[in-house]
file my_file_4.cif (mmCIF, C-alpha atoms)
data_coords
loop_
_atom_site.label_atom_id
_atom_site.label_comp_id
_atom_site.auth_asym_id
_atom_site.auth_seq_id
_atom_site.Cartn_x
_atom_site.Cartn_y
_atom_site.Cartn_z
CA MET A 1 -35.78 -17.05 41.52
CA ILE A 2 -32.37 -15.63 42.45
CA SER A 3 -31.71 -11.91 42.74
CA TYR A 4 -30.35 -10.13 39.60
CA ARG A 5 -27.48 -8.88 41.79
CA VAL A 6 -26.20 -12.43 42.17
CA THR A 7 -26.24 -12.87 38.35
CA THR A 8 -24.45 -9.57 37.67
CA PHE A 9 -21.97 -10.33 40.45
CA PHE A 10 -20.99 -13.68 38.94
CA LEU A 11 -21.00 -12.39 35.33
CA GLY A 12 -18.87 -9.35 36.21
CA LEU A 13 -16.50 -11.46 38.25
CA LEU A 14 -16.23 -14.04 35.44
CA VAL A 15 -15.46 -11.52 32.65
CA GLY A 16 -13.17 -9.36 34.80
CA GLY A 17 -11.50 -12.42 36.30
CA VAL A 18 -10.78 -13.99 32.88
CA ILE A 19 -9.30 -10.68 31.59
CA ILE A 20 -7.07 -10.21 34.63
CA HIS A 21 -6.03 -13.88 34.60
CA LEU A 22 -4.95 -13.63 30.93
CA LEU A 23 -3.08 -10.39 31.60
CA ARG A 24 -1.23 -12.00 34.51
CA ARG A 25 -0.10 -14.79 32.19
CA GLY A 26 1.56 -12.15 29.99
CA HIS A 27 -0.44 -12.60 26.79
CA LEU A 28 -0.40 -8.86 26.06
CA HIS A 29 2.13 -6.09 25.69
CA ILE A 30 2.01 -3.98 28.86
CA MET A 31 0.72 -0.88 26.98
CA HIS A 32 -2.28 -2.79 25.59
CA SER A 33 -2.94 -4.51 28.88
CA ILE A 34 -3.74 -1.19 30.63
CA TRP A 35 -6.96 -0.86 28.60
CA TRP A 36 -8.05 -4.41 29.30
CA PHE A 37 -7.09 -4.17 32.98
CA ILE A 38 -9.42 -1.16 33.37
CA VAL A 39 -12.20 -2.98 31.45
CA GLY A 40 -11.76 -5.99 33.77
CA LEU A 41 -12.01 -3.80 36.88
CA ILE A 42 -15.12 -2.01 35.54
CA CYS A 43 -16.80 -5.38 34.86
CA ILE A 44 -16.13 -6.56 38.41
CA PHE A 45 -17.21 -3.22 39.92
CA LEU A 46 -20.47 -3.01 37.96
CA GLY A 47 -21.11 -6.69 38.63
CA ILE A 48 -20.90 -6.09 42.37
CA PHE A 49 -22.70 -2.71 42.37
CA PRO A 50 -25.22 -2.82 39.44
CA CYS A 51 -27.37 -0.21 41.25
CA ILE A 52 -24.82 2.47 40.20
CA ILE A 53 -26.31 2.28 36.70
CA ASN A 54 -29.81 2.81 38.10
CA TRP A 55 -28.48 5.90 39.87
CA ILE A 56 -26.64 7.36 36.82
CA ALA A 57 -29.40 6.69 34.22
CA PRO A 58 -31.99 9.28 35.42
CA ILE A 59 -29.23 11.92 35.73
CA LEU A 60 -28.36 11.39 32.04
CA GLY A 61 -32.04 11.31 31.03
CA VAL A 62 -32.08 7.61 30.13
CA ASN A 63 -35.31 5.80 30.94
CA TYR A 64 -34.00 2.26 30.61
CA PRO A 65 -30.72 2.00 32.66
CA PRO A 66 -29.14 -1.06 30.93
CA ASN A 67 -29.02 0.99 27.69
CA ILE A 68 -26.27 3.10 29.24
CA ILE A 69 -24.00 0.07 29.58
CA LEU A 70 -24.75 -1.09 26.02
CA ILE A 71 -24.25 2.30 24.34
CA THR A 72 -21.16 3.23 26.36
CA GLY A 73 -19.70 -0.22 25.70
CA ILE A 74 -20.34 -0.01 21.95
CA CYS A 75 -18.82 3.51 21.77
CA PHE A 76 -15.69 2.52 23.66
CA PHE A 77 -15.20 -0.64 21.61
CA LEU A 78 -15.61 1.29 18.35
CA ILE A 79 -12.87 3.67 19.52
CA LYS A 80 -10.75 0.67 20.49
CA LEU A 81 -11.29 -0.96 17.07
CA LEU A 82 -10.32 2.25 15.29
CA ASN A 83 -7.23 2.51 17.45
CA MET A 84 -6.35 -1.11 16.61
CA ASP A 85 -6.66 -0.42 12.86
CA ILE A 86 -4.45 2.67 13.17
CA HIS A 87 -1.90 0.57 15.02
CA ARG A 88 -2.19 -2.16 12.36
CA SER A 89 -1.58 0.37 9.58
CA GLU A 90 1.58 1.56 11.34
CA GLN A 91 2.76 -2.03 11.64
CA GLU A 92 2.01 -2.75 7.97
CA MET A 93 4.04 0.30 7.00
CA ARG A 94 6.95 -0.86 9.15
CA ILE A 95 6.79 -4.40 7.74
CA GLN A 96 6.75 -2.99 4.20
CA ILE A 97 9.81 -0.79 4.77
CA LEU A 98 11.58 -3.67 6.52
CA THR A 99 10.84 -6.02 3.60
CA GLU A 100 12.16 -3.44 1.12
CA ARG A 101 15.36 -3.05 3.13
CA ILE A 102 15.87 -6.81 3.53
CA ALA A 103 15.53 -7.27 -0.25
CA LEU A 104 18.14 -4.55 -0.80
CA LEU A 105 20.52 -6.12 1.73
CA GLU A 106 20.09 -9.56 0.17
CA ILE A 107 20.93 -8.38 -3.34
CA GLU A 108 23.96 -6.51 -1.98
CA LEU A 109 25.09 -9.61 -0.11
CA ASN A 110 24.70 -11.79 -3.21
CA GLU A 111 26.57 -9.28 -5.39
CA SER A 112 29.47 -9.04 -2.93
CA LYS A 113 29.59 -12.86 -2.66
CA GLU A 114 29.71 -13.18 -6.46
CA SER A 115 32.46 -10.55 -6.75
CA HIS A 116 34.56 -12.43 -4.15
CA GLU A 117 34.13 -15.71 -5.98
CA MET B 1 23.40 9.15 -17.33
CA LYS B 2 22.62 6.02 -15.31
CA THR B 3 19.18 4.55 -15.97
CA LEU B 4 17.41 1.73 -14.17
CA ILE B 5 14.34 -0.06 -15.49
CA ILE B 6 12.22 -1.50 -12.71
CA ILE B 7 9.71 -4.24 -13.50
CA PRO B 8 7.57 -5.46 -10.61
CA THR B 9 6.57 -9.09 -11.14
CA ARG B 10 4.41 -11.72 -9.54
CA ASN B 11 4.14 -15.11 -11.23
CA GLU B 12 5.12 -13.79 -14.68
CA SER B 13 7.47 -16.61 -15.70
CA GLU B 14 5.83 -16.96 -19.14
CA THR B 15 6.47 -13.37 -20.24
CA ILE B 16 9.36 -11.98 -18.21
CA GLY B 17 12.18 -13.65 -20.21
CA ASP B 18 11.04 -12.15 -23.54
CA ILE B 19 10.48 -8.71 -22.00
CA VAL B 20 13.98 -8.60 -20.52
CA LYS B 21 15.58 -9.78 -23.79
CA GLU B 22 13.65 -7.16 -25.78
CA LEU B 23 14.66 -4.41 -23.35
CA ASN B 24 18.31 -5.44 -23.50
CA GLU B 25 18.25 -5.04 -27.29
CA ILE B 26 16.55 -1.64 -27.34
CA VAL B 27 17.31 0.29 -24.16
CA LEU B 28 20.65 1.29 -22.69
CA GLY B 29 20.14 0.79 -18.99
CA ASP B 30 20.16 -1.76 -16.21
CA ILE B 31 17.11 -3.93 -15.68
CA LEU B 32 15.89 -4.76 -12.21
CA ILE B 33 13.13 -7.28 -11.71
CA VAL B 34 11.46 -6.82 -8.34
CA ASP B 35 9.81 -10.11 -7.62
CA ASP B 36 6.79 -9.81 -5.35
CA ALA B 37 7.03 -13.24 -3.69
CA SER B 38 6.24 -15.29 -6.83
CA TYR B 39 5.69 -19.02 -6.47
CA ASP B 40 6.56 -19.89 -10.08
CA ASN B 41 9.87 -19.63 -11.97
CA THR B 42 9.81 -15.85 -12.50
CA ILE B 43 13.13 -15.28 -10.68
CA LEU B 44 14.87 -18.04 -12.62
CA GLU B 45 13.57 -16.85 -16.00
CA ALA B 46 14.51 -13.23 -15.26
CA ARG B 47 18.06 -14.18 -14.23
CA LYS B 48 18.39 -16.44 -17.27
CA ALA B 49 17.49 -13.49 -19.51
CA GLY B 50 20.18 -11.38 -17.87
CA ALA B 51 18.29 -9.18 -15.40
CA LYS B 52 19.14 -8.42 -11.80
CA VAL B 53 16.51 -9.66 -9.38
CA LEU B 54 15.41 -8.06 -6.14
CA SER B 55 13.36 -10.62 -4.33
CA LEU B 56 10.73 -9.66 -1.75
CA ARG B 57 10.20 -12.19 1.05
CA ILE B 58 6.61 -11.05 1.68
CA GLN B 59 4.10 -10.04 -0.98
CA LEU B 60 3.84 -6.24 -0.85
CA GLY B 61 1.81 -5.56 -3.98
CA ALA B 62 2.92 -3.69 -7.10
CA TRP B 63 3.60 -0.39 -5.35
CA GLY B 64 5.64 -2.05 -2.59
CA ALA B 65 7.71 -3.78 -5.26
CA VAL B 66 8.28 -0.50 -7.10
CA ARG B 67 9.32 1.17 -3.83
CA ALA B 68 11.85 -1.59 -3.18
CA GLY B 69 13.23 -0.94 -6.69
CA PHE B 70 13.35 2.81 -5.93
CA ARG B 71 15.38 2.06 -2.81
CA TYR B 72 17.85 0.07 -4.91
CA ALA B 73 18.05 2.89 -7.50
CA LEU B 74 18.86 5.50 -4.85
CA TYR B 75 21.41 3.24 -3.21
CA LYS B 76 23.15 2.63 -6.55
CA HIS B 77 22.99 6.32 -7.57
CA TYR B 78 20.86 6.01 -10.70
CA ASP B 79 19.84 9.31 -12.34
CA TYR B 80 16.58 8.09 -13.88
CA VAL B 81 14.22 5.28 -12.98
CA ILE B 82 11.77 3.76 -15.44
CA THR B 83 8.90 1.61 -14.22
CA MET B 84 7.01 -0.73 -16.51
CA ASP B 85 4.66 -3.72 -16.25
CA ALA B 86 5.60 -7.32 -16.90
CA ASP B 87 2.50 -8.24 -18.89
CA GLY B 88 3.91 -7.12 -22.25
CA GLN B 89 1.60 -4.09 -22.56
CA HIS B 90 4.42 -1.56 -22.38
CA VAL B 91 6.55 -1.43 -25.49
CA ALA B 92 10.34 -1.11 -25.05
CA GLU B 93 10.59 1.18 -28.11
CA SER B 94 8.75 3.96 -26.26
CA ILE B 95 11.35 4.19 -23.46
CA PRO B 96 13.97 6.25 -25.39
CA ASP B 97 11.22 8.80 -26.22
CA LEU B 98 10.22 9.05 -22.57
CA LEU B 99 13.85 9.55 -21.52
CA ARG B 100 14.28 12.30 -24.10
CA GLU B 101 11.09 13.93 -22.84
CA ILE B 102 12.20 14.00 -19.18
CA GLN B 103 15.56 15.50 -20.15
CA SER B 104 14.15 18.17 -22.45
CA SER B 105 10.90 19.14 -20.70
CA GLY B 106 12.29 19.83 -17.23
CA ALA B 107 9.64 17.54 -15.73
CA ASP B 108 10.43 15.37 -12.71
CA VAL B 109 8.17 12.55 -13.86
CA VAL B 110 7.05 11.60 -17.36
CA ILE B 111 4.11 9.26 -17.85
CA GLY B 112 3.81 7.14 -20.96
CA SER B 113 0.10 7.63 -21.55
CA ALA B 114 -2.30 5.72 -23.74
CA ILE B 115 -5.74 7.10 -23.00
CA GLN B 116 -7.22 5.47 -26.08
CA ARG B 117 -7.00 2.08 -24.34
CA GLY B 118 -9.66 0.69 -22.07
CA GLN B 119 -13.40 0.18 -22.04
CA PRO B 120 -15.81 3.15 -21.84
CA TYR B 121 -16.51 2.42 -18.14
CA LYS B 122 -12.79 2.78 -17.44
CA LYS B 123 -12.73 6.14 -19.19
CA ILE B 124 -15.71 7.35 -17.13
CA ALA B 125 -13.99 6.16 -13.94
CA TRP B 126 -10.81 8.01 -14.94
CA TYR B 127 -12.77 11.20 -15.60
CA VAL B 128 -14.50 11.10 -12.19
CA LEU B 129 -11.29 10.28 -10.34
CA ARG B 130 -9.38 12.99 -12.20
CA LYS B 131 -11.96 15.57 -11.10
CA LEU B 132 -11.94 14.26 -7.52
CA ALA B 133 -8.15 14.32 -7.28
CA ARG B 134 -7.95 17.69 -9.07
CA LEU B 135 -5.33 16.29 -11.41
CA THR B 136 -4.83 17.38 -15.00
CA ILE B 137 -2.98 14.22 -16.02
CA LYS B 138 -5.02 12.16 -18.46
CA ASP B 139 -3.68 8.63 -17.95
CA LEU B 140 -3.91 8.01 -14.22
CA THR B 141 -3.14 4.32 -14.15
CA SER B 142 -0.26 3.90 -16.59
CA GLY B 143 2.64 2.06 -14.96
CA LEU B 144 5.04 3.18 -17.69
CA ARG B 145 6.75 6.14 -16.06
CA VAL B 146 10.16 7.79 -15.88
CA TYR B 147 11.17 9.38 -12.59
CA ASN B 148 14.17 11.54 -11.83
CA ARG B 149 16.23 10.96 -8.70
CA LEU B 150 14.58 13.71 -6.65
CA SER B 151 11.05 12.46 -7.25
CA VAL B 152 12.13 8.90 -6.41
CA LYS B 153 13.54 10.14 -3.11
CA SER B 154 10.30 11.91 -2.24
CA LEU B 155 8.26 8.76 -2.93
CA LEU B 156 10.25 6.76 -0.40
CA LEU B 157 8.88 8.72 2.55
CA GLU B 158 6.87 6.76 5.12
CA LYS B 159 3.53 8.35 4.21
CA THR B 160 3.58 6.88 0.72
CA ALA B 161 4.38 3.35 1.91
CA LEU B 162 0.79 2.14 2.09
CA LEU B 163 -0.49 3.49 -1.22
CA THR B 164 -1.11 -0.02 -2.71
CA TYR B 165 -1.24 1.12 -6.36
CA GLN B 166 1.26 3.09 -8.45
CA ASP B 167 -1.35 5.53 -9.75
CA ILE B 168 -3.41 8.44 -8.40
CA GLY B 169 -2.00 8.30 -4.87
CA VAL B 170 1.53 8.57 -6.23
CA LEU B 171 0.55 11.41 -8.56
CA ILE B 172 -1.15 13.31 -5.72
CA ALA B 173 1.91 12.82 -3.49
CA LEU B 174 4.16 14.16 -6.25
CA GLU B 175 1.95 17.18 -6.96
CA ASN B 176 1.61 17.99 -3.26
CA ASN B 177 5.39 18.09 -3.00
CA GLY B 178 5.66 20.41 -5.99
CA TYR B 179 7.06 17.96 -8.55
CA LYS B 180 6.31 18.57 -12.22
CA ILE B 181 4.58 15.73 -14.06
CA SER B 182 4.23 15.55 -17.82
CA GLU B 183 2.73 13.04 -20.22
CA LYS B 184 3.94 11.61 -23.49
CA PRO B 185 1.58 9.55 -25.65
CA VAL B 186 2.90 6.05 -26.28
CA HIS B 187 1.73 2.97 -28.07
CA MET B 188 0.63 0.12 -25.83
CA ALA B 189 0.32 -3.47 -27.00
CA ASN B 190 -2.21 -6.05 -25.90
CA ARG B 191 -1.36 -8.05 -22.82
CA LYS B 192 0.61 -11.20 -23.63
CA LYS B 193 -0.94 -13.00 -20.70
CA GLY B 194 -3.51 -12.48 -17.97
CA GLN B 195 -5.64 -9.45 -17.29
CA SER B 196 -5.42 -6.06 -15.57
CA LYS B 197 -4.41 -6.40 -11.93
CA ILE B 198 -6.57 -3.44 -10.96
CA PHE B 199 -9.61 -3.90 -13.21
CA HIS B 200 -9.94 -7.70 -13.36
CA SER B 201 -13.50 -7.92 -12.01
CA TRP B 202 -16.41 -5.66 -11.12
CA LEU B 203 -15.69 -6.21 -7.43
CA ALA B 204 -12.04 -5.22 -7.96
CA ILE B 205 -13.16 -2.08 -9.83
CA LEU B 206 -15.52 -1.17 -6.99
CA LYS B 207 -12.80 -1.76 -4.39
CA TYR B 208 -10.33 0.32 -6.40
CA PHE B 209 -12.87 3.11 -6.88
CA ILE B 210 -13.75 3.30 -3.16
CA PHE B 211 -10.06 3.17 -2.21
CA THR B 212 -9.20 5.99 -4.60
CA PHE B 213 -12.28 8.02 -3.63
CA ILE B 214 -11.21 7.98 0.05
CA LEU B 215 -7.62 8.72 -0.96
CA CYS B 216 -8.79 11.78 -2.93
CA LEU B 217 -10.98 12.98 -0.05
CA THR B 218 -8.20 12.73 2.54
CA ASN B 219 -5.78 14.53 0.27
CA LEU B 220 -8.36 17.22 -0.48
CA ARG B 221 -8.54 18.03 3.22
CA ARG B 222 -4.76 18.23 3.38
CA ASN B 223 -4.62 20.57 0.37
CA ASN B 224 -7.26 22.86 1.85
CA ARG B 225 -5.32 23.15 5.08
#
call {"tool": "encode", "arguments": {"input": "my_file_4.cif", "output": "structure tokens"}}
result
Amino acid sequence: MISYRVTTFFLGLLVGGVIIHLLRRGHLHIMHSIWWFIVGLICIFLGIFPCIINWIAPILGVNYPPNIILITGICFFLIKLLNMDIHRSEQEMRIQILTERIALLEIELNESKESHE
Amino acid sequence: MKTLIIIPTRNESETIGDIVKELNEIVLGDILIVDDASYDNTILEARKAGAKVLSLRIQLGAWGAVRAGFRYALYKHYDYVITMDADGQHVAESIPDLLREIQSSGADVVIGSAIQRGQPYKKIAWYVLRKLARLTIKDLTSGLRVYNRLSVKSLLLEKTALLTYQDIGVLIALENNGYKISEKPVHMANRKKGQSKIFHSWLAILKYFIFTFILCLTNLRRNNR
């Protein structure tokens, strides 16, 4: 049986590596990539040094150390999801106003074309 | 007095021609059809009947279409804007009464109300929502409304862009900004085609109710502040 440190090392490296690889290929706007870059680094760091969790857990009064990763992860991703929906609402609002303005410009353009003809 | 009648449409080719012709005979005012990305012949039929058409490239929903019409009205310096539905429920004969009401009452918005319509469950829903929103207006969902220029301007602010429906959210926004809203009872006919866009199924009613409930709660917080 291999040591759990080898498993966490490879898993952390895989997740963090994939995130950083995708960021390097420019799939994300630079402002959004900051979040994912930090997540990638944390994955690699915790993968290499999983004992940090064992050290933090008793300080925070948690009996089962992996719970800290799960709960913290869920909390952060909920915040991220909320942030994404806020951002989406802003974009929807902008698209709506843009569509209204385009419609107005089109009718103006058609009316001026008709008056010239 | 320049008046614009805005009719938001989506796939209403069967009814829109008759509605425009009827309006042209009865009401003195320009007619603007705001087409919400229809995929039938609505635009063609409306133009054939003599209306101007503002065509949206992306479907925005009824409120988005009305807002686009508002933008046109402001740009063209209209004094009053009338909104009505394209399903034949709103009767053209009631428009002159509503215009007289807005000019004589000093209100910024006049709603053509018909609270006698609707099933009992709709009336209960209205009552609950009215209490939640702290509104005194009886007909919360009527799309037959007359707005003056100032109220139209206030409804084009960014925060009203994502309201979805032209009903309670719009009324709350108007009241929060200090605009006076009054009601005038009108006769409403049966729909010529289709069914209510808001109350077409139990799921739609539930969705609408939750949406409006949250809207009322968020605005309650704002009022208390």
call {"tool": "atom_distance", "arguments": {"input": "my_file_4.cif", "atom1": "CA of Ala62 (chain B)", "atom2": "CA of Thr3 (chain B)"}}
result
20.3 Å
call {"tool": "closest_residue", "arguments": {"input": "my_file_4.cif", "among": "B:Lys153, B:Arg67, B:Arg47, B:Lys180", "to": "Asp79 (chain B)", "atoms": "all atoms listed in the file"}}
result
B:Lys153
call {"tool": "closest_residue", "arguments": {"input": "my_file_4.cif", "among": "A:Ile107, A:Ile20, A:Phe49, A:Lys80", "to": "chain B", "atoms": "all atoms listed in the file"}}
result
A:Ile107
call {"tool": "atom_distance", "arguments": {"input": "my_file_4.cif", "atom1": "CA of Ile172 (chain B)", "atom2": "CA of Val109 (chain B)"}}
result
12.4 Å
call {"tool": "resolve_selection", "arguments": {"input": "my_file_4.cif", "expression": "the PyMOL selection byres ((chain B) within 9 of (chain A))", "output": "ChimeraX atom specification"}}
result
/B:52-58,60,64-65,67-69,71-72,75,158-159,161-162
call {"tool": "closest_residue", "arguments": {"input": "my_file_4.cif", "among": "B:Val170, B:Leu206, B:Leu155, B:Val146", "to": "Arg100 (chain B)", "atoms": "all atoms listed in the file"}}
result
B:Val146
call {"tool": "residues_near_point", "arguments": {"input": "my_file_4.cif", "point": "(-5.4, -10.6, 27.6)", "cutoff": "12 Å", "atoms": "all atoms listed in the file", "output": "list of chain:residue names"}}
result
A:Val15, A:Gly16, A:Gly17, A:Val18, A:Ile19, A:Ile20, A:His21, A:Leu22, A:Leu23, A:Arg24, A:Arg25, A:Gly26, A:His27, A:Leu28, A:His29, A:Ile30, A:Met31, A:His32, A:Ser33, A:Ile34, A:Trp35, A:Trp36, A:Phe37, A:Ile38, A:Val39, A:Gly40
call {"tool": "residues_around", "arguments": {"input": "my_file_4.cif", "residues": "Arg130 (chain B)", "least_positions_apart": "2", "cutoff": "12 Å", "atoms": "only C-alpha atoms", "output": "ChimeraX atom specification"}}
result
/B:122-128,132-141,167-169,171-172,209,212-213,216
call {"tool": "build_atoms", "arguments": {"input": "my_file_4.cif", "residues": "region 95-107 of chain A", "atoms": "N, CA and C atoms", "output": "compact mmCIF listing (two decimals), in the frame of the given file"}}
result
# COMPACT_ATOMS: atom_id res chain seq x y z
N ILE A 95 6.45 -3.11 8.37
CA ILE A 95 6.79 -4.40 7.74
C ILE A 95 7.19 -4.16 6.29
N GLN A 96 6.44 -3.27 5.61
CA GLN A 96 6.75 -2.99 4.20
C GLN A 96 8.17 -2.43 4.05
N ILE A 97 8.49 -1.42 4.88
CA ILE A 97 9.81 -0.79 4.77
C ILE A 97 10.90 -1.81 5.12
N LEU A 98 10.62 -2.63 6.12
CA LEU A 98 11.58 -3.67 6.52
C LEU A 98 11.81 -4.67 5.38
N THR A 99 10.73 -5.07 4.71
CA THR A 99 10.84 -6.02 3.60
C THR A 99 11.65 -5.41 2.45
N GLU A 100 11.40 -4.12 2.17
CA GLU A 100 12.16 -3.44 1.12
C GLU A 100 13.65 -3.43 1.46
N ARG A 101 13.94 -3.13 2.72
CA ARG A 101 15.36 -3.05 3.13
C ARG A 101 16.04 -4.42 3.12
N ILE A 102 15.30 -5.45 3.54
CA ILE A 102 15.87 -6.81 3.53
C ILE A 102 16.21 -7.22 2.10
N ALA A 103 15.30 -6.92 1.16
CA ALA A 103 15.53 -7.27 -0.25
C ALA A 103 16.80 -6.58 -0.76
N LEU A 104 16.96 -5.31 -0.38
CA LEU A 104 18.14 -4.55 -0.80
C LEU A 104 19.41 -5.16 -0.21
N LEU A 105 19.35 -5.52 1.07
CA LEU A 105 20.52 -6.12 1.73
C LEU A 105 20.89 -7.46 1.10
N GLU A 106 19.85 -8.24 0.76
CA GLU A 106 20.09 -9.56 0.17
C GLU A 106 20.78 -9.45 -1.19
N ILE A 107 20.32 -8.52 -2.01
CA ILE A 107 20.93 -8.38 -3.34
C ILE A 107 22.37 -7.87 -3.20
